[in-house]
file start.cif (mmCIF, C-alpha atoms)
data_coords
#
loop_
_atom_site.label_atom_id
_atom_site.label_comp_id
_atom_site.auth_asym_id
_atom_site.auth_seq_id
_atom_site.Cartn_x
_atom_site.Cartn_y
_atom_site.Cartn_z
CA MET A 1 197.52 127.01 51.82
CA SER A 2 196.97 130.35 50.10
CA SER A 3 199.92 132.76 49.58
CA GLU A 4 197.65 135.83 49.61
CA PRO A 5 198.13 138.51 52.33
CA GLU A 6 197.04 137.34 55.74
CA PRO A 7 193.40 138.22 56.50
CA ARG A 8 193.17 140.07 59.81
CA VAL A 9 190.50 139.23 62.36
CA TYR A 10 188.79 141.90 64.42
CA ARG A 11 185.55 140.07 65.19
CA ARG A 12 185.25 136.30 65.52
CA ARG A 13 182.64 133.70 66.48
CA VAL A 14 183.91 130.53 68.12
CA PHE A 15 181.72 127.45 68.63
CA TYR A 16 183.12 124.90 71.03
CA VAL A 17 181.91 121.28 70.95
CA PRO A 18 182.86 119.43 74.15
CA GLY A 19 183.59 115.75 74.34
CA TYR A 20 181.53 113.19 76.24
CA ASP A 21 181.11 115.33 79.36
CA PRO A 22 178.08 115.60 81.69
CA SER A 23 179.32 118.91 83.15
CA HIS A 24 177.61 122.28 82.78
CA PRO A 25 179.28 124.38 80.06
CA ARG A 26 180.37 126.98 82.62
CA ARG A 27 183.22 124.57 83.30
CA TYR A 28 184.73 125.57 79.97
CA ARG A 29 184.23 129.27 80.57
CA GLU A 30 186.10 129.08 83.88
CA LEU A 31 188.82 126.94 82.31
CA TYR A 32 189.26 129.53 79.55
CA ARG A 33 189.34 132.35 82.12
CA LYS A 34 191.96 130.68 84.33
CA GLU A 35 194.22 129.25 81.64
CA GLY A 36 193.85 132.27 79.35
CA ALA A 37 195.06 134.57 82.12
CA GLU A 38 198.07 132.31 82.66
CA GLN A 39 198.92 132.13 78.95
CA ALA A 40 198.54 135.92 78.62
CA ARG A 41 200.98 136.36 81.51
CA ILE A 42 203.50 133.98 79.93
CA SER A 43 203.17 135.30 76.37
CA GLY A 44 202.71 139.00 77.09
CA TYR A 45 199.26 139.74 75.70
CA GLN A 46 195.91 140.66 77.24
CA LEU A 47 192.63 138.74 77.52
CA ARG A 48 189.48 140.07 79.18
CA LEU A 49 186.39 137.88 79.61
CA SER A 50 182.86 139.18 80.02
CA ALA A 51 179.33 137.81 79.77
CA ALA A 52 178.01 137.05 76.29
CA GLN A 53 175.48 139.51 74.94
CA GLY A 54 172.20 138.50 73.31
CA ALA A 55 170.36 135.22 73.02
CA GLY A 56 171.86 131.90 72.02
CA PRO A 57 173.84 129.04 73.54
CA PHE A 58 175.79 129.46 76.75
CA GLY A 59 178.97 131.41 76.13
CA TRP A 60 181.18 134.37 76.90
CA THR A 61 182.96 137.25 75.17
CA VAL A 62 186.73 137.72 74.96
CA ASN A 63 188.35 141.07 74.24
CA ALA A 64 192.00 140.57 73.44
CA THR A 65 195.01 142.73 72.69
CA ILE A 66 197.48 140.54 70.83
CA ASP A 67 200.33 141.67 68.58
CA GLY A 68 199.04 145.22 68.76
CA ALA A 69 195.56 144.30 67.49
CA GLU A 70 192.22 144.57 69.29
CA ILE A 71 190.03 141.51 68.71
CA GLU A 72 186.56 140.65 69.99
CA THR A 73 185.60 136.98 70.11
CA ARG A 74 182.24 135.60 71.10
CA PHE A 75 182.31 132.02 72.35
CA SER A 76 179.34 129.65 72.31
CA VAL A 77 179.33 126.12 73.75
CA LEU A 78 177.37 123.61 71.67
CA VAL A 79 175.86 121.68 74.53
CA TRP A 80 175.04 117.98 74.45
CA SER A 81 175.78 117.28 78.12
CA ASP A 82 172.09 116.47 78.68
CA LEU A 83 172.41 113.54 76.27
CA VAL A 84 175.55 112.44 78.08
CA ARG A 85 173.79 112.54 81.46
CA GLU A 86 170.88 110.51 80.09
CA SER A 87 173.26 107.87 78.76
CA MET A 88 175.02 107.66 82.14
CA ASP A 89 171.78 107.39 84.12
CA GLY A 90 171.87 103.64 84.57
CA SER A 91 172.24 101.06 87.29
CA ILE A 92 175.36 99.09 88.11
CA LEU A 93 173.85 96.14 86.25
CA THR A 94 173.28 98.35 83.20
CA THR A 95 176.93 99.41 83.24
CA TYR A 96 178.07 95.77 83.20
CA ARG A 97 175.67 95.06 80.32
CA HIS A 98 177.29 98.00 78.49
CA LEU A 99 180.68 96.44 79.21
CA LEU A 100 179.75 93.11 77.65
CA ARG A 101 178.02 94.64 74.63
CA THR A 102 180.78 97.18 73.93
CA ALA A 103 183.58 94.65 74.31
CA TRP A 104 181.75 92.29 71.95
CA THR A 105 181.21 95.09 69.41
CA TYR A 106 184.90 95.96 69.17
CA ILE A 107 186.22 92.39 69.37
CA ALA A 108 183.73 90.67 67.05
CA SER A 109 183.98 93.40 64.40
CA GLY A 110 187.78 93.26 64.40
CA ALA A 111 187.92 96.98 65.18
CA LEU A 112 189.94 96.46 68.38
CA TRP A 113 192.74 94.68 66.55
CA ARG A 114 192.85 97.40 63.87
CA LEU A 115 192.91 100.17 66.49
CA MET A 116 195.87 98.50 68.19
CA GLN A 117 197.83 98.94 64.97
CA LEU A 118 197.60 102.73 65.38
CA ARG A 119 198.38 103.83 68.93
CA LYS A 120 198.49 101.68 72.04
CA GLY A 121 197.63 104.55 74.41
CA PRO A 122 193.96 105.07 73.51
CA VAL A 123 193.41 101.31 73.23
CA ILE A 124 194.79 100.88 76.74
CA ALA A 125 192.53 103.76 77.81
CA ALA A 126 189.58 101.89 76.27
CA LEU A 127 190.51 98.63 78.01
CA TYR A 128 191.12 100.38 81.34
CA PRO A 129 187.43 100.64 82.39
CA VAL A 130 186.83 97.05 81.32
CA GLY A 131 189.70 95.82 83.47
CA ILE A 132 188.81 97.98 86.47
CA LEU A 133 185.12 97.07 86.39
CA LEU A 134 185.91 93.35 86.13
CA LEU A 135 188.36 93.62 89.03
CA GLN A 136 185.72 95.42 91.06
CA LEU A 137 183.20 92.71 90.25
CA LEU A 138 185.63 89.94 91.19
CA ALA A 139 186.51 91.73 94.43
CA ALA A 140 182.86 92.22 95.34
CA VAL A 141 181.91 88.63 94.53
CA GLY A 142 184.97 87.27 96.32
CA PHE A 143 184.40 89.33 99.45
CA GLY A 144 180.69 88.53 99.44
CA TRP A 145 181.45 84.80 99.10
CA ALA A 146 183.95 85.00 101.97
CA VAL A 147 181.47 86.78 104.23
CA GLY A 148 178.74 84.27 103.30
CA SER A 149 181.06 81.32 103.96
CA VAL A 150 182.16 82.62 107.35
CA LEU A 151 178.57 83.36 108.33
CA SER A 152 177.43 79.92 107.15
CA CYS A 153 180.14 78.16 109.16
CA GLY A 154 179.34 80.21 112.24
CA LEU A 155 175.62 79.52 112.05
CA ASN A 156 176.23 75.82 111.47
CA GLU A 157 178.46 75.64 114.54
CA LEU A 158 175.82 77.47 116.54
CA GLU A 159 173.11 75.10 115.31
CA ARG A 160 175.19 72.04 116.23
CA GLY A 161 175.77 73.40 119.73
CA LEU A 162 172.08 73.73 120.43
CA ARG A 163 169.66 70.98 121.36
CA PRO A 164 168.62 68.87 118.38
CA LEU A 165 166.01 70.82 116.48
CA PRO A 166 162.95 69.35 114.85
CA HIS A 167 163.07 69.57 111.12
CA ARG A 168 166.85 70.02 111.22
CA GLU A 169 167.05 69.84 107.41
CA ILE A 170 164.88 72.95 107.13
CA ALA A 171 167.11 74.77 109.63
CA VAL A 172 170.24 73.92 107.61
CA VAL A 173 168.63 75.22 104.40
CA ALA A 174 167.57 78.41 106.18
CA ILE A 175 171.12 78.92 107.45
CA GLN A 176 172.58 78.47 103.95
CA LEU A 177 169.99 80.83 102.47
CA ALA A 178 170.69 83.50 105.09
CA ALA A 179 174.43 83.21 104.46
CA PHE A 180 173.89 83.50 100.69
CA VAL A 181 171.67 86.57 101.04
CA ALA A 182 174.18 88.19 103.36
CA GLY A 183 176.98 87.53 100.87
CA VAL A 184 174.96 89.03 98.01
CA LEU A 185 174.13 92.13 100.07
CA VAL A 186 177.78 92.60 100.98
CA ALA A 187 178.82 92.23 97.32
CA LEU A 188 176.23 94.80 96.22
CA ALA A 189 177.29 97.21 98.96
CA LEU A 190 180.91 96.92 97.85
CA LEU A 191 179.95 97.54 94.21
CA ARG A 192 178.01 100.64 95.27
CA TRP A 193 181.05 101.82 97.21
CA PHE A 194 183.26 101.34 94.15
CA ARG A 195 180.81 103.37 92.09
CA ALA A 196 180.81 106.17 94.68
CA LEU A 197 184.59 106.38 94.21
CA ASP A 198 184.34 106.75 90.42
CA GLY A 199 185.09 110.47 90.62
CA ARG A 200 188.66 109.35 91.25
CA VAL A 201 188.77 106.15 89.19
CA PHE A 202 186.63 107.13 86.12
CA ALA A 203 185.87 103.50 85.22
CA TYR A 204 182.08 103.98 85.02
CA TYR A 205 182.48 107.27 83.19
CA LEU A 206 184.79 105.84 80.53
CA MET A 207 182.68 102.72 80.13
CA HIS A 208 179.62 104.83 79.36
CA ASP A 209 181.70 106.96 76.97
CA TYR A 210 182.81 103.99 74.86
CA ALA A 211 179.40 102.35 75.10
CA TYR A 212 177.75 105.51 73.76
CA ALA A 213 179.98 105.49 70.67
CA ALA A 214 179.43 101.77 70.09
CA GLN A 215 175.73 101.50 70.90
CA GLU A 216 174.69 101.76 67.24
CA ASN A 217 177.78 99.97 65.89
CA GLY A 218 179.28 103.34 64.96
CA ALA A 219 176.14 105.11 63.71
CA TYR A 220 174.86 108.17 65.54
CA PRO A 221 171.79 107.60 67.73
CA PRO A 222 168.71 109.63 66.62
CA ALA A 223 168.91 112.09 69.52
CA LEU A 224 172.51 112.93 68.66
CA GLU A 225 171.66 113.30 64.96
CA ALA A 226 169.00 115.85 65.92
CA ARG A 227 171.51 117.74 68.07
CA ILE A 228 174.05 117.81 65.24
CA ALA A 229 171.38 119.31 62.96
CA ARG A 230 170.69 122.01 65.58
CA PHE A 231 174.40 122.77 65.86
CA ALA A 232 174.63 123.09 62.07
CA ASP A 233 171.82 125.65 62.09
CA LEU A 234 173.61 127.75 64.70
CA LEU A 235 176.82 127.70 62.69
CA ALA A 236 175.00 128.58 59.47
CA ASP A 237 173.36 131.56 61.21
CA ALA A 238 176.76 132.78 62.45
CA MET A 239 178.07 132.69 58.87
CA GLN A 240 175.53 135.42 58.06
CA GLN A 241 176.82 137.75 60.78
CA ASP A 242 179.30 140.61 60.46
CA VAL A 243 182.41 138.75 61.61
CA ASP A 244 185.78 138.04 60.05
CA GLU A 245 186.03 134.40 61.06
CA VAL A 246 183.80 131.61 62.31
CA LEU A 247 185.83 128.95 64.09
CA LEU A 248 184.53 125.55 65.18
CA VAL A 249 186.54 123.80 67.89
CA GLY A 250 185.87 120.12 68.62
CA HIS A 251 187.62 118.48 71.55
CA SER A 252 187.80 114.70 72.12
CA SER A 253 184.44 113.19 71.07
CA GLY A 254 183.39 116.66 69.97
CA ALA A 255 185.86 116.36 67.09
CA HIS A 256 183.80 113.83 65.15
CA LEU A 257 180.60 115.77 65.87
CA GLY A 258 182.32 118.79 64.34
CA VAL A 259 183.26 116.77 61.26
CA SER A 260 179.65 115.70 60.76
CA LEU A 261 177.97 119.07 61.24
CA LEU A 262 180.42 120.78 58.85
CA ALA A 263 179.96 118.03 56.26
CA ASP A 264 176.19 118.50 56.52
CA LEU A 265 176.54 122.23 55.87
CA LEU A 266 178.83 121.62 52.90
CA ARG A 267 176.54 119.10 51.25
CA ALA A 268 173.50 121.32 51.80
CA GLY A 269 175.23 124.24 50.05
CA ARG A 270 174.96 126.46 53.13
CA LEU A 271 178.60 127.61 52.99
CA SER A 272 178.75 128.95 49.43
CA GLN A 273 179.95 132.47 50.26
CA ASP A 274 183.67 133.24 50.67
CA ARG A 275 183.31 135.35 53.79
CA PRO A 276 183.63 135.07 56.68
CA ALA A 277 186.57 132.71 56.87
CA LEU A 278 185.62 129.33 58.29
CA GLY A 279 187.98 127.11 60.27
CA PHE A 280 187.78 123.80 62.10
CA LEU A 281 190.18 122.98 64.92
CA SER A 282 189.98 119.38 66.17
CA LEU A 283 191.80 118.68 69.44
CA GLY A 284 192.68 115.38 71.10
CA GLN A 285 190.50 113.44 68.68
CA ALA A 286 189.74 109.73 69.00
CA ILE A 287 187.76 109.53 65.74
CA PRO A 288 188.98 105.99 64.83
CA MET A 289 187.20 104.61 67.91
CA GLN A 290 183.96 105.26 66.04
CA SER A 291 184.95 105.42 62.37
CA PHE A 292 186.44 101.89 62.53
CA LEU A 293 183.09 100.35 63.52
CA PRO A 294 180.97 98.56 60.89
CA ASP A 295 178.00 100.96 60.77
CA ALA A 296 179.92 104.26 60.92
CA HIS A 297 178.97 104.84 57.26
CA ARG A 298 177.83 108.40 57.92
CA LEU A 299 180.98 109.45 59.81
CA ARG A 300 183.26 107.95 57.16
CA ALA A 301 181.39 109.83 54.41
CA ASP A 302 181.70 113.03 56.42
CA LEU A 303 185.44 112.53 56.82
CA HIS A 304 185.79 111.88 53.09
CA ASP A 305 183.81 114.98 52.08
CA LEU A 306 185.43 117.34 54.56
CA SER A 307 188.93 116.30 53.52
CA ALA A 308 188.62 117.32 49.86
CA GLN A 309 186.85 120.72 49.99
CA ASP A 310 188.54 124.12 49.79
CA ARG A 311 186.10 126.18 51.88
CA ILE A 312 187.07 125.11 55.43
CA ALA A 313 190.60 125.07 56.86
CA TRP A 314 190.89 121.99 59.08
CA VAL A 315 193.75 121.71 61.56
CA ASP A 316 193.99 118.60 63.76
CA VAL A 317 196.14 118.93 66.90
CA THR A 318 197.06 115.98 69.10
CA ALA A 319 200.11 115.01 71.16
CA PRO A 320 201.86 111.68 71.72
CA GLY A 321 201.78 112.44 75.45
CA ASP A 322 197.97 112.29 75.42
CA GLY A 323 197.09 108.66 76.03
CA CYS A 324 193.39 109.28 75.35
CA ALA A 325 193.84 110.53 71.76
CA PHE A 326 194.96 108.87 68.55
CA ALA A 327 197.98 111.12 68.39
CA LEU A 328 199.15 112.20 64.92
CA CYS A 329 196.79 109.72 63.24
CA ASP A 330 195.20 111.37 60.20
CA PRO A 331 191.55 110.45 60.89
CA VAL A 332 190.61 110.49 57.20
CA ALA A 333 193.52 108.39 55.99
CA VAL A 334 193.51 105.76 58.75
CA SER A 335 189.75 105.33 58.29
CA GLY A 336 190.46 104.29 54.70
CA VAL A 337 188.34 107.03 53.06
CA ALA A 338 190.96 109.48 51.82
CA PRO A 339 190.09 110.71 48.28
CA GLU A 340 192.77 111.30 45.65
CA ASP A 341 192.35 115.07 45.98
CA LYS A 342 192.59 115.06 49.78
CA ARG A 343 193.59 118.43 51.29
CA TRP A 344 192.73 118.12 54.97
CA PRO A 345 193.35 117.85 57.84
CA LEU A 346 196.68 119.44 58.60
CA VAL A 347 197.93 117.12 61.35
CA LEU A 348 200.09 118.84 63.96
CA SER A 349 201.61 117.89 67.31
CA ALA A 350 201.14 119.93 70.46
CA ALA A 351 204.49 118.43 71.55
CA PHE A 352 203.87 118.40 75.29
CA THR A 353 207.46 117.41 76.08
CA ARG A 354 208.69 120.64 74.46
CA THR A 355 205.87 123.08 75.15
CA LEU A 356 205.54 122.22 78.85
CA SER A 357 208.37 122.90 81.28
CA PRO A 358 210.25 119.80 82.52
CA GLU A 359 208.75 120.35 85.97
CA ARG A 360 205.16 120.53 84.69
CA TRP A 361 205.65 117.58 82.36
CA LYS A 362 207.07 115.48 85.20
CA ALA A 363 204.12 116.42 87.44
CA MET A 364 201.48 115.80 84.76
CA ARG A 365 202.72 112.95 82.59
CA TRP A 366 200.74 110.31 84.50
CA ARG A 367 197.64 112.49 84.95
CA PHE A 368 196.02 111.21 81.78
CA PHE A 369 192.71 113.07 82.03
CA ARG A 370 194.44 116.37 82.79
CA LEU A 371 196.73 115.89 79.79
CA HIS A 372 193.72 115.21 77.58
CA PHE A 373 192.55 118.77 78.37
CA GLN A 374 195.96 120.38 77.95
CA TYR A 375 195.04 121.54 74.44
CA LEU A 376 192.65 124.02 76.11
CA CYS A 377 195.23 125.19 78.64
CA ALA A 378 198.31 127.35 78.94
CA PHE A 379 201.76 126.20 77.78
CA ASP A 380 205.03 127.23 79.41
CA HIS A 381 206.78 127.41 76.05
CA PRO A 382 204.02 127.74 73.44
CA GLY A 383 205.01 126.85 69.92
CA GLU A 384 202.91 127.26 66.82
CA TYR A 385 199.89 125.98 68.66
CA ASP A 386 198.52 128.36 71.28
CA TYR A 387 194.81 127.84 71.96
CA PHE A 388 194.28 131.43 73.00
CA ARG A 389 196.05 132.98 70.02
CA VAL A 390 194.06 130.70 67.72
CA THR A 391 190.69 131.51 69.30
CA ALA A 392 191.25 135.17 70.23
CA GLY A 393 194.17 136.35 68.10
CA PRO A 394 194.30 138.51 64.95
CA LEU A 395 194.86 135.71 62.39
CA THR A 396 192.41 133.26 60.89
CA LEU A 397 193.12 129.57 61.42
CA ALA A 398 194.12 129.23 57.76
CA SER A 399 196.51 132.19 57.95
CA ARG A 400 198.09 131.11 61.20
CA PHE A 401 199.11 127.74 59.77
CA SER A 402 199.62 128.83 56.16
CA GLY A 403 202.51 126.97 54.57
CA ARG A 404 202.91 124.65 57.54
CA GLN A 405 203.64 121.02 56.76
CA GLY A 406 202.04 118.24 58.73
CA SER A 407 203.96 116.45 61.46
CA PRO A 408 206.54 114.13 59.87
CA SER A 409 205.61 111.35 62.32
CA ARG A 410 201.91 111.33 61.41
CA ILE A 411 200.24 108.06 60.45
CA GLU A 412 198.45 108.12 57.08
CA ARG A 413 198.11 104.48 56.08
CA ALA A 414 194.61 103.03 55.73
CA VAL A 415 193.93 100.70 58.67
CA SER A 416 190.16 100.38 59.09
CA LYS A 417 188.54 97.13 57.97
CA TYR A 418 185.30 98.97 57.16
CA THR A 419 185.33 101.75 54.56
CA GLY A 420 181.71 101.88 53.41
CA MET A 421 180.12 105.33 53.27
CA SER A 422 176.56 106.63 53.28
CA ARG A 423 175.27 110.22 53.20
CA SER A 424 171.59 109.48 53.75
#

call {"tool": "encode", "arguments": {"input": "start.cif", "output": "structure tokens"}}
result
Amino acid sequence: MSSEPEPRVYRRRVFYVPGYDPSHPRRYRELYRKEGAEQARISGYQLRLSAAQGAGPFGWTVNATIDGAEIETRFSVLVWSDLVRESMDGSILTTYRHLLRTAWTYIASGALWRLMQLRKGPVIAALYPVGILLLQLLAAVGFGWAVGSVLSCGLNELERGLRPLPHREIAVVAIQLAAFVAGVLVALALLRWFRALDGRVFAYYLMHDYAYAAQENGAYPPALEARIARFADLLADAMQQDVDEVLLVGHSSGAHLGVSLLADLLRAGRLSQDRPALGFLSLGQAIPMQSFLPDAHRLRADLHDLSAQDRIAWVDVTAPGDGCAFALCDPVAVSGVAPEDKRWPLVLSAAFTRTLSPERWKAMRWRFFRLHFQYLCAFDHPGEYDYFRVTAGPLTLASRFSGRQGSPSRIERAVSKYTGMSRS
């Protein structure tokens, strides 16, 4: 990175792109409020949140005092939770159709085998909803069959104990039909009960997440393409404002949306000016889950283009302790689209085992979903990566990580079977 004096930030715009999450964006404001207060207490700086001023996406304002500097940061959440809710608005039968189609997409394309060569954690996370949903189906069918069998035997015994009935064959068929219907109803009731428990199990949620990425074989669906274009317009407008830095943060599935909207702006020539500074922070990314699919031509082209430019500083932060992310996997390189003049991303580890206290790590290490959000939370022993210093501190993203080398354990070999690119 540049050896010039560090640019100071006094006013910043941050755009946050959530992952596949149906929640209202206020969830992220309250998370920032709670965790920011904790990190400020640990690290000895001040953060004050207030309502965002003016029109625009949902957001908030942060006034910080860090390292003796006063910084104002305006946050905006780039919302696509409505698209997520629409994609999750399906019946139990629809979810099982998603399961079959998504499993076939990854297996038949060879993407699943390639993904397993990177990190086992996110592949296990992807197989988890498949396994849980199949177990639930087997349990429901098995219990329904048992109830139907018991009912059938009981009714048959009752029928044999009564006086001989006329048309006995019809009575036997009616008994079997009643037992079958009862078994089906019991199985459906049990499946509905399993679904009602999904707030604890997350099988339906994760299945819809992976199905959404795979529904077009890796291409973006039209509604999401339109939303990406709207996000790009908002970012381009912010670049015209009187701020020192515009920072885009993409978490989980929001990381690849961030890649695509920035690549669109670059190719359209909408980022030609040198100021304000522009940074991209991708957190807990699982980009290979989509970029490894056959028709992810657009995403692979976006990765290629964003990796070679010199206008946007791109820092990618993951952690081996996060089983839902492709930790320390360079998303450009492993997707097989790294150009010879590749500059980005800078791949860093959040190193949960070092930045969290032993007590917190022991309590959280098996709470996979909580760990996937740790990038947005406070650390007991923050290292170079501190979400609140990055988003509300006095240094630009490029300055904060200037001269930093990527994690020595990062994976940079090309693994994807599909490397075709398209920018249309």

call {"tool": "resolve_selection", "arguments": {"input": "start.cif", "expression": "the PyMOL selection byres ((chain A and resi 191) around 9)", "output": "MDAnalysis selection string"}}
result
chainID A and resid 92 136:137 139:140 186:190 192:196

call {"tool": "resolve_selection", "arguments": {"input": "start.cif", "expression": "the PyMOL selection byres ((chain A and resi 261) around 7)", "output": "list in words"}}
result
Ile228, Ala229, Phe231, Ala232, Leu257, Gly258, Val259, Ser260, Leu262, Ala263, Asp264 and Leu265 of chain A

call {"tool": "write_last_selection", "arguments": {"input": "start.cif", "atoms": "C-alpha atoms", "output": "PDB file, in the frame of the given file"}}
result
ATOM      1  CA  ILE A 228     174.050 117.810  65.240  1.00  0.00           C
ATOM      2  CA  ALA A 229     171.380 119.310  62.960  1.00  0.00           C
ATOM      3  CA  PHE A 231     174.400 122.770  65.860  1.00  0.00           C
ATOM      4  CA  ALA A 232     174.630 123.090  62.070  1.00  0.00           C
ATOM      5  CA  LEU A 257     180.600 115.770  65.870  1.00  0.00           C
ATOM      6  CA  GLY A 258     182.320 118.790  64.340  1.00  0.00           C
ATOM      7  CA  VAL A 259     183.260 116.770  61.260  1.00  0.00           C
ATOM      8  CA  SER A 260     179.650 115.700  60.760  1.00  0.00           C
ATOM      9  CA  LEU A 262     180.420 120.780  58.850  1.00  0.00           C
ATOM     10  CA  ALA A 263     179.960 118.030  56.260  1.00  0.00           C
ATOM     11  CA  ASP A 264     176.190 118.500  56.520  1.00  0.00           C
ATOM     12  CA  LEU A 265     176.540 122.230  55.870  1.00  0.00           C
TER      13      LEU A 265
END

call {"tool": "closest_residue", "arguments": {"input": "start.cif", "among": "A:Tyr20, A:Phe388, A:Tyr28, A:Tyr106", "to": "A:Phe292", "atoms": "only C-alpha atoms"}}
result
A:Tyr106

call {"tool": "residues_near_point", "arguments": {"input": "start.cif", "point": "(180.2, 91.9, 67.9)", "cutoff": "12 Å", "atoms": "all atoms listed in the file", "output": "PyMOL selection string"}}
result
chain A and resi 100-112+214-218+293-295

call {"tool": "closest_residue", "arguments": {"input": "start.cif", "among": "A:Glu384, A:Thr95, A:Leu78, A:Tyr16", "to": "A:Tyr212", "atoms": "all atoms listed in the file"}}
result
A:Thr95

call {"tool": "resolve_selection", "arguments": {"input": "start.cif", "expression": "the PyMOL selection byres ((chain A and resi 144) around 6)", "output": "JSON, numbers by chain"}}
result
{"A": [140, 141, 142, 143, 145, 146, 147, 183, 184, 186, 187]}

call {"tool": "residues_around", "arguments": {"input": "start.cif", "residues": "stretch 356-362 of chain A", "least_positions_apart": "2", "cutoff": "8 Å", "atoms": "all atoms listed in the file", "output": "JSON list (two decimals) with C-alpha atoms, in the frame of the given file"}}
result
[["chain", "number", "residue", "atom", "x", "y", "z"],
["A", 352, "PHE", "CA", 203.87, 118.40, 75.29],
["A", 353, "THR", "CA", 207.46, 117.41, 76.08],
["A", 354, "ARG", "CA", 208.69, 120.64, 74.46],
["A", 364, "MET", "CA", 201.48, 115.80, 84.76],
["A", 365, "ARG", "CA", 202.72, 112.95, 82.59],
["A", 379, "PHE", "CA", 201.76, 126.20, 77.78],
["A", 380, "ASP", "CA", 205.03, 127.23, 79.41],
["A", 381, "HIS", "CA", 206.78, 127.41, 76.05],
["A", 382, "PRO", "CA", 204.02, 127.74, 73.44]]

call {"tool": "residues_around", "arguments": {"input": "start.cif", "residues": "A:Ala301", "least_positions_apart": "4", "cutoff": "7 Å", "atoms": "only C-alpha atoms", "output": "number ranges by chain"}}
result
A: 297, 305, 421-423

call {"tool": "atom_distance", "arguments": {"input": "start.cif", "atom1": "atom CA of A:Tyr32", "atom2": "atom CA of A:Phe373"}}
result
11.3 Å

call {"tool": "closest_residue", "arguments": {"input": "start.cif", "among": "A:Pro25, A:Gly19, A:Pro276, A:Gly321", "to": "A:Lys120", "atoms": "all atoms listed in the file"}}
result
A:Gly321

call {"tool": "atom_distance", "arguments": {"input": "start.cif", "atom1": "atom CA of A:Leu266", "atom2": "atom CA of A:Arg311"}}
result
8.6 Å

call {"tool": "residues_around", "arguments": {"input": "start.cif", "residues": "A:Ala203", "least_positions_apart": "3", "cutoff": "10 Å", "atoms": "all atoms listed in the file", "output": "list in words"}}
result
Ala125, Ala126, Leu127, Tyr128, Pro129, Val130, Gly131, Ile132, Leu133, Gln136, Phe194, Arg195, Leu197, Asp198, Gly199, Arg200, Leu206, Met207, His208 and Asp209 of chain A

call {"tool": "atom_distance", "arguments": {"input": "start.cif", "atom1": "atom CA of A:Phe180", "atom2": "atom CA of A:Leu138"}}
result
16.4 Å

call {"tool": "residues_around", "arguments": {"input": "start.cif", "residues": "A:Val332", "least_positions_apart": "2", "cutoff": "12 Å", "atoms": "only C-alpha atoms", "output": "number ranges by chain"}}
result
A: 256, 259, 285-288, 291-292, 299-308, 314, 316, 328-330, 334-340, 342-347, 411-416, 419

call {"tool": "residues_around", "arguments": {"input": "start.cif", "residues": "A:Leu348", "least_positions_apart": "6", "cutoff": "12 Å", "atoms": "only C-alpha atoms", "output": "CSV table (one decimal) with C-alpha atoms, in the coordinates of the input"}}
result
chain,number,residue,atom,x,y,z
A,281,LEU,CA,190.2,123.0,64.9
A,282,SER,CA,190.0,119.4,66.2
A,283,LEU,CA,191.8,118.7,69.4
A,284,GLY,CA,192.7,115.4,71.1
A,285,GLN,CA,190.5,113.4,68.7
A,314,TRP,CA,190.9,122.0,59.1
A,315,VAL,CA,193.8,121.7,61.6
A,316,ASP,CA,194.0,118.6,63.8
A,317,VAL,CA,196.1,118.9,66.9
A,318,THR,CA,197.1,116.0,69.1
A,319,ALA,CA,200.1,115.0,71.2
A,320,PRO,CA,201.9,111.7,71.7
A,327,ALA,CA,198.0,111.1,68.4
A,328,LEU,CA,199.2,112.2,64.9
A,329,CYS,CA,196.8,109.7,63.2
A,330,ASP,CA,195.2,111.4,60.2
A,375,TYR,CA,195.0,121.5,74.4
A,383,GLY,CA,205.0,126.8,69.9
A,384,GLU,CA,202.9,127.3,66.8
A,385,TYR,CA,199.9,126.0,68.7
A,401,PHE,CA,199.1,127.7,59.8
A,404,ARG,CA,202.9,124.6,57.5
A,405,GLN,CA,203.6,121.0,56.8
A,406,GLY,CA,202.0,118.2,58.7
A,407,SER,CA,204.0,116.4,61.5
A,408,PRO,CA,206.5,114.1,59.9
A,409,SER,CA,205.6,111.4,62.3
A,410,ARG,CA,201.9,111.3,61.4
A,411,ILE,CA,200.2,108.1,60.4

call {"tool": "closest_residue", "arguments": {"input": "start.cif", "among": "A:Glu86, A:Asp322, A:Asp341, A:Asp274", "to": "A:Val246", "atoms": "all atoms listed in the file"}}
result
A:Asp274

call {"tool": "residues_near_point", "arguments": {"input": "start.cif", "point": "(176.4, 83.0, 105.2)", "cutoff": "7 Å", "atoms": "only C-alpha atoms", "output": "PyMOL selection string"}}
result
chain A and resi 147-152+176+178-180+182-183

call {"tool": "closest_residue", "arguments": {"input": "start.cif", "among": "A:Ala363, A:Glu225, A:Ile42, A:Gly90", "to": "A:Arg298", "atoms": "all atoms listed in the file"}}
result
A:Glu225

call {"tool": "closest_residue", "arguments": {"input": "start.cif", "among": "A:Thr94, A:Gln374, A:Thr355, A:Ser399", "to": "A:Glu35", "atoms": "all atoms listed in the file"}}
result
A:Gln374

call {"tool": "axis_aligned_box", "arguments": {"input": "start.cif", "around": "stretch 268-280 of chain A", "padding_each_side": "8 Å", "output": "lines of an AutoDock Vina configuration file"}}
result
center_x = 180.7
center_y = 128.3
center_z = 55.8
size_x = 30.5
size_y = 30.0
size_z = 28.7
